[in-house]
Amino acid sequence: MKHLKLFLALCLMPLLNSCDFGGYYYYYVENKLTDKVITVKVEYPSTNMDSIFVIAPNEKKLIGKEETGIIAKHEHPEDVLAHYCSLGKIQILIGNTLLNKQFRERAYWHYSTENRIGNYFLIIDENFVRNNE
């Protein structure tokens, strides 16, 4: 009987110890403007560094990547940008014009998924520029 209890305990341990597969969230800025180059400045507070991305018309660039303990097949139930994302302040310039918005707000980002990768896209197009002037 003692061996049976030990056997059952060993069989149940993996079930009690399981966790979700890890995944990634990727953050892209996509320039859908046909004739304007955009410049994106991103601060990364955890590293005290920043990066500048120059994005040509009809091009997208990866500006950040986060490993996640939950599978990224579905959008995170909480606001990833507000709670988990290591991106700091995001500034966007179209030509010499600075768009004065809080680009970390979830409302600006579109979400898609493939396998265990969640993709967030900040899409800059004519409607976006018109609505944010």
# chains A, B, ... in the order shown; residues from 1 in each chain; ligands from 1
>>> closest_atom_pairs(of="stretch 46-126 of chain A", to="stretch 20-39 of chain A", cutoff="8 Å", atoms="only C-alpha atoms", output="Markdown table")
| residue | atom | partner | partner_atom | distance |
| --- | --- | --- | --- | --- |
| A:Ile52 | CA | A:Thr39 | CA | 6.9 |
| A:Phe53 | CA | A:Thr39 | CA | 5.7 |
| A:Val54 | CA | A:Thr39 | CA | 4.6 |
| A:Ile55 | CA | A:Ile38 | CA | 5.3 |
| A:Ala56 | CA | A:Val37 | CA | 4.7 |
| A:Pro57 | CA | A:Thr34 | CA | 5.3 |
| A:Asn58 | CA | A:Lys32 | CA | 4.8 |
| A:Glu59 | CA | A:Asn31 | CA | 5.5 |
| A:Lys60 | CA | A:Glu30 | CA | 4.0 |
| A:Lys61 | CA | A:Tyr28 | CA | 5.4 |
| A:Leu62 | CA | A:Tyr28 | CA | 4.4 |
| A:Ile63 | CA | A:Tyr28 | CA | 5.6 |
| A:Gly64 | CA | A:Tyr27 | CA | 5.0 |
| A:Lys65 | CA | A:Tyr26 | CA | 4.5 |
| A:Glu66 | CA | A:Tyr25 | CA | 5.1 |
| A:Glu67 | CA | A:Tyr24 | CA | 4.5 |
| A:Thr68 | CA | A:Gly23 | CA | 5.3 |
| A:Gly69 | CA | A:Gly22 | CA | 4.8 |
| A:Ile70 | CA | A:Gly22 | CA | 5.4 |
| A:Ile71 | CA | A:Gly23 | CA | 4.9 |
| A:Ala72 | CA | A:Gly23 | CA | 5.1 |
| A:Lys73 | CA | A:Gly23 | CA | 7.9 |
| A:Ile92 | CA | A:Thr39 | CA | 5.7 |
| A:Leu93 | CA | A:Thr39 | CA | 5.1 |
| A:Ile94 | CA | A:Ile38 | CA | 4.6 |
| A:Gly95 | CA | A:Ile38 | CA | 6.4 |
| A:Arg116 | CA | A:Gly23 | CA | 4.9 |
| A:Ile117 | CA | A:Tyr24 | CA | 5.0 |
| A:Gly118 | CA | A:Tyr25 | CA | 4.6 |
| A:Asn119 | CA | A:Tyr26 | CA | 4.9 |
| A:Tyr120 | CA | A:Tyr27 | CA | 4.8 |
| A:Phe121 | CA | A:Tyr28 | CA | 4.8 |
| A:Leu122 | CA | A:Val29 | CA | 4.7 |
| A:Ile123 | CA | A:Glu30 | CA | 4.8 |
| A:Ile124 | CA | A:Asn31 | CA | 5.0 |
| A:Asp125 | CA | A:Lys32 | CA | 4.8 |
| A:Glu126 | CA | A:Leu33 | CA | 6.3 |
>>> write_last_selection(atoms="C-alpha atoms", output="compact mmCIF listing (two decimals), in the first residue's frame")
# COMPACT_ATOMS: atom_id res chain seq x y z
CA ILE A 52 15.92 55.92 -32.47
CA PHE A 53 14.25 54.12 -35.37
CA VAL A 54 13.89 55.71 -38.80
CA ILE A 55 11.02 54.05 -40.65
CA ALA A 56 10.59 54.58 -44.37
CA PRO A 57 7.17 54.68 -46.04
CA ASN A 58 5.42 51.29 -46.14
CA GLU A 59 7.93 49.76 -43.72
CA LYS A 60 7.65 48.37 -40.18
CA LYS A 61 10.28 47.98 -37.50
CA LEU A 62 10.49 45.97 -34.32
CA ILE A 63 10.96 48.35 -31.38
CA GLY A 64 10.67 45.90 -28.49
CA LYS A 65 10.34 42.28 -27.43
CA GLU A 66 9.09 40.82 -24.15
CA GLU A 67 9.33 37.24 -22.96
CA THR A 68 6.20 36.22 -21.14
CA GLY A 69 5.40 33.47 -18.68
CA ILE A 70 2.00 33.05 -20.26
CA ILE A 71 1.42 31.77 -23.72
CA ALA A 72 1.09 34.76 -26.04
CA LYS A 73 -1.42 33.00 -28.26
CA ILE A 92 7.01 59.87 -32.91
CA LEU A 93 8.03 62.52 -35.41
CA ILE A 94 6.68 62.85 -38.92
CA GLY A 95 9.22 65.00 -40.66
CA ARG A 116 3.13 31.54 -29.14
CA ILE A 117 3.90 35.05 -30.36
CA GLY A 118 1.72 38.05 -29.68
CA ASN A 119 2.30 41.02 -31.98
CA TYR A 120 1.38 44.58 -31.10
CA PHE A 121 1.38 47.08 -33.97
CA LEU A 122 1.32 50.86 -33.75
CA ILE A 123 0.16 51.73 -37.27
CA ILE A 124 0.84 55.24 -38.54
CA ASP A 125 -1.34 56.05 -41.57
CA GLU A 126 -3.14 59.12 -42.97
>>> residues_around(residues="A:Asn48", least_positions_apart="6", cutoff="12 Å", atoms="only C-alpha atoms", output="list in words")
Val42, Ser86, Leu87, Gly88 and Lys89 of chain A
>>> select_by_dssp(residues="stretch 29-117 of chain A", states="strand (DSSP E or B)", output="MDAnalysis selection string")
chainID A and resid 29:31 38:44 49:55 59:68 90:94 97:99 109:114 117
>>> write_last_selection(atoms="N, CA and C atoms", output="CSV table (one decimal), in the first residue's frame")
chain,number,residue,atom,x,y,z
A,29,VAL,N,6.3,49.3,-34.9
A,29,VAL,CA,5.7,50.5,-35.4
A,29,VAL,C,5.7,50.3,-37.0
A,30,GLU,N,4.6,50.6,-37.6
A,30,GLU,CA,4.4,50.4,-39.0
A,30,GLU,C,4.1,51.7,-39.6
A,31,ASN,N,4.8,52.1,-40.6
A,31,ASN,CA,4.6,53.4,-41.3
A,31,ASN,C,3.8,53.1,-42.6
A,38,ILE,N,9.0,58.4,-40.9
A,38,ILE,CA,8.7,58.7,-39.5
A,38,ILE,C,10.0,58.3,-38.7
A,39,THR,N,10.1,59.0,-37.6
A,39,THR,CA,11.2,58.7,-36.6
A,39,THR,C,10.6,58.4,-35.3
A,40,VAL,N,11.0,57.3,-34.7
A,40,VAL,CA,10.5,56.8,-33.4
A,40,VAL,C,11.6,56.8,-32.4
A,41,LYS,N,11.4,57.5,-31.3
A,41,LYS,CA,12.4,57.4,-30.2
A,41,LYS,C,11.7,56.7,-29.1
A,42,VAL,N,12.4,55.6,-28.6
A,42,VAL,CA,11.9,54.8,-27.5
A,42,VAL,C,12.9,54.8,-26.4
A,43,GLU,N,12.4,55.1,-25.2
A,43,GLU,CA,13.3,55.0,-24.0
A,43,GLU,C,13.0,53.6,-23.3
A,44,TYR,N,14.1,53.0,-22.9
A,44,TYR,CA,14.0,51.7,-22.2
A,44,TYR,C,14.5,52.0,-20.8
A,49,MET,N,18.7,53.4,-21.4
A,49,MET,CA,19.1,53.6,-22.8
A,49,MET,C,17.9,54.0,-23.6
A,50,ASP,N,18.1,54.5,-24.8
A,50,ASP,CA,17.1,54.8,-25.7
A,50,ASP,C,17.5,54.5,-27.1
A,51,SER,N,16.6,54.3,-28.0
A,51,SER,CA,16.9,54.0,-29.4
A,51,SER,C,16.1,54.9,-30.3
A,52,ILE,N,16.6,55.1,-31.4
A,52,ILE,CA,15.9,55.9,-32.5
A,52,ILE,C,15.8,55.0,-33.7
A,53,PHE,N,14.6,54.9,-34.2
A,53,PHE,CA,14.2,54.1,-35.4
A,53,PHE,C,13.8,55.1,-36.5
A,54,VAL,N,14.3,55.0,-37.6
A,54,VAL,CA,13.9,55.7,-38.8
A,54,VAL,C,13.1,54.7,-39.7
A,55,ILE,N,11.9,55.0,-39.9
A,55,ILE,CA,11.0,54.1,-40.6
A,55,ILE,C,10.5,54.7,-41.9
A,59,GLU,N,7.0,50.6,-44.4
A,59,GLU,CA,7.9,49.8,-43.7
A,59,GLU,C,7.5,49.6,-42.3
A,60,LYS,N,7.9,48.5,-41.6
A,60,LYS,CA,7.6,48.4,-40.2
A,60,LYS,C,8.9,48.0,-39.5
A,61,LYS,N,9.1,48.3,-38.3
A,61,LYS,CA,10.3,48.0,-37.5
A,61,LYS,C,9.9,47.5,-36.1
A,62,LEU,N,10.6,46.5,-35.7
A,62,LEU,CA,10.5,46.0,-34.3
A,62,LEU,C,11.2,46.9,-33.4
A,63,ILE,N,10.4,47.4,-32.4
A,63,ILE,CA,11.0,48.3,-31.4
A,63,ILE,C,11.1,47.7,-30.0
A,64,GLY,N,10.6,46.5,-29.8
A,64,GLY,CA,10.7,45.9,-28.5
A,64,GLY,C,10.2,44.5,-28.5
A,65,LYS,N,10.7,43.7,-27.6
A,65,LYS,CA,10.3,42.3,-27.4
A,65,LYS,C,10.3,41.9,-26.0
A,66,GLU,N,9.3,41.2,-25.5
A,66,GLU,CA,9.1,40.8,-24.2
A,66,GLU,C,8.9,39.3,-24.1
A,67,GLU,N,9.6,38.7,-23.2
A,67,GLU,CA,9.3,37.2,-23.0
A,67,GLU,C,8.2,37.2,-21.9
A,68,THR,N,7.3,36.3,-22.1
A,68,THR,CA,6.2,36.2,-21.1
A,68,THR,C,6.1,34.8,-20.6
A,90,ILE,N,7.5,56.8,-25.6
A,90,ILE,CA,7.6,56.7,-27.1
A,90,ILE,C,7.3,58.0,-27.7
A,91,GLN,N,8.2,58.5,-28.5
A,91,GLN,CA,8.0,59.8,-29.2
A,91,GLN,C,8.0,59.5,-30.7
A,92,ILE,N,7.1,60.1,-31.5
A,92,ILE,CA,7.0,59.9,-32.9
A,92,ILE,C,7.0,61.2,-33.6
A,93,LEU,N,7.9,61.3,-34.6
A,93,LEU,CA,8.0,62.5,-35.4
A,93,LEU,C,7.7,62.1,-36.8
A,94,ILE,N,6.9,63.0,-37.5
A,94,ILE,CA,6.7,62.8,-38.9
A,94,ILE,C,7.3,64.1,-39.5
A,97,THR,N,7.6,67.3,-37.3
A,97,THR,CA,6.5,67.5,-36.4
A,97,THR,C,6.4,66.3,-35.4
A,98,LEU,N,6.4,66.7,-34.1
A,98,LEU,CA,6.3,65.7,-33.0
A,98,LEU,C,4.8,65.5,-32.8
A,99,LEU,N,4.4,64.2,-32.8
A,99,LEU,CA,3.0,63.9,-32.4
A,99,LEU,C,2.9,63.8,-30.9
A,109,TRP,N,-2.7,50.6,-30.2
A,109,TRP,CA,-2.1,49.4,-30.7
A,109,TRP,C,-3.1,48.4,-31.1
A,110,HIS,N,-2.7,47.7,-32.2
A,110,HIS,CA,-3.5,46.6,-32.8
A,110,HIS,C,-2.8,45.3,-32.4
A,111,TYR,N,-3.5,44.2,-32.2
A,111,TYR,CA,-3.0,43.0,-31.7
A,111,TYR,C,-3.3,41.9,-32.7
A,112,SER,N,-2.3,41.0,-33.0
A,112,SER,CA,-2.4,39.8,-33.8
A,112,SER,C,-1.6,38.7,-33.1
A,113,THR,N,-1.8,37.5,-33.5
A,113,THR,CA,-1.0,36.4,-32.9
A,113,THR,C,-0.7,35.3,-33.9
A,114,GLU,N,0.4,34.6,-33.6
A,114,GLU,CA,0.7,33.4,-34.4
A,114,GLU,C,1.5,32.5,-33.5
A,117,ILE,N,3.4,33.7,-30.2
A,117,ILE,CA,3.9,35.0,-30.4
A,117,ILE,C,2.7,36.0,-30.5
>>> atom_distance(atom1="atom CA of A:Tyr108", atom2="atom CA of A:Asn96")
21.2 Å
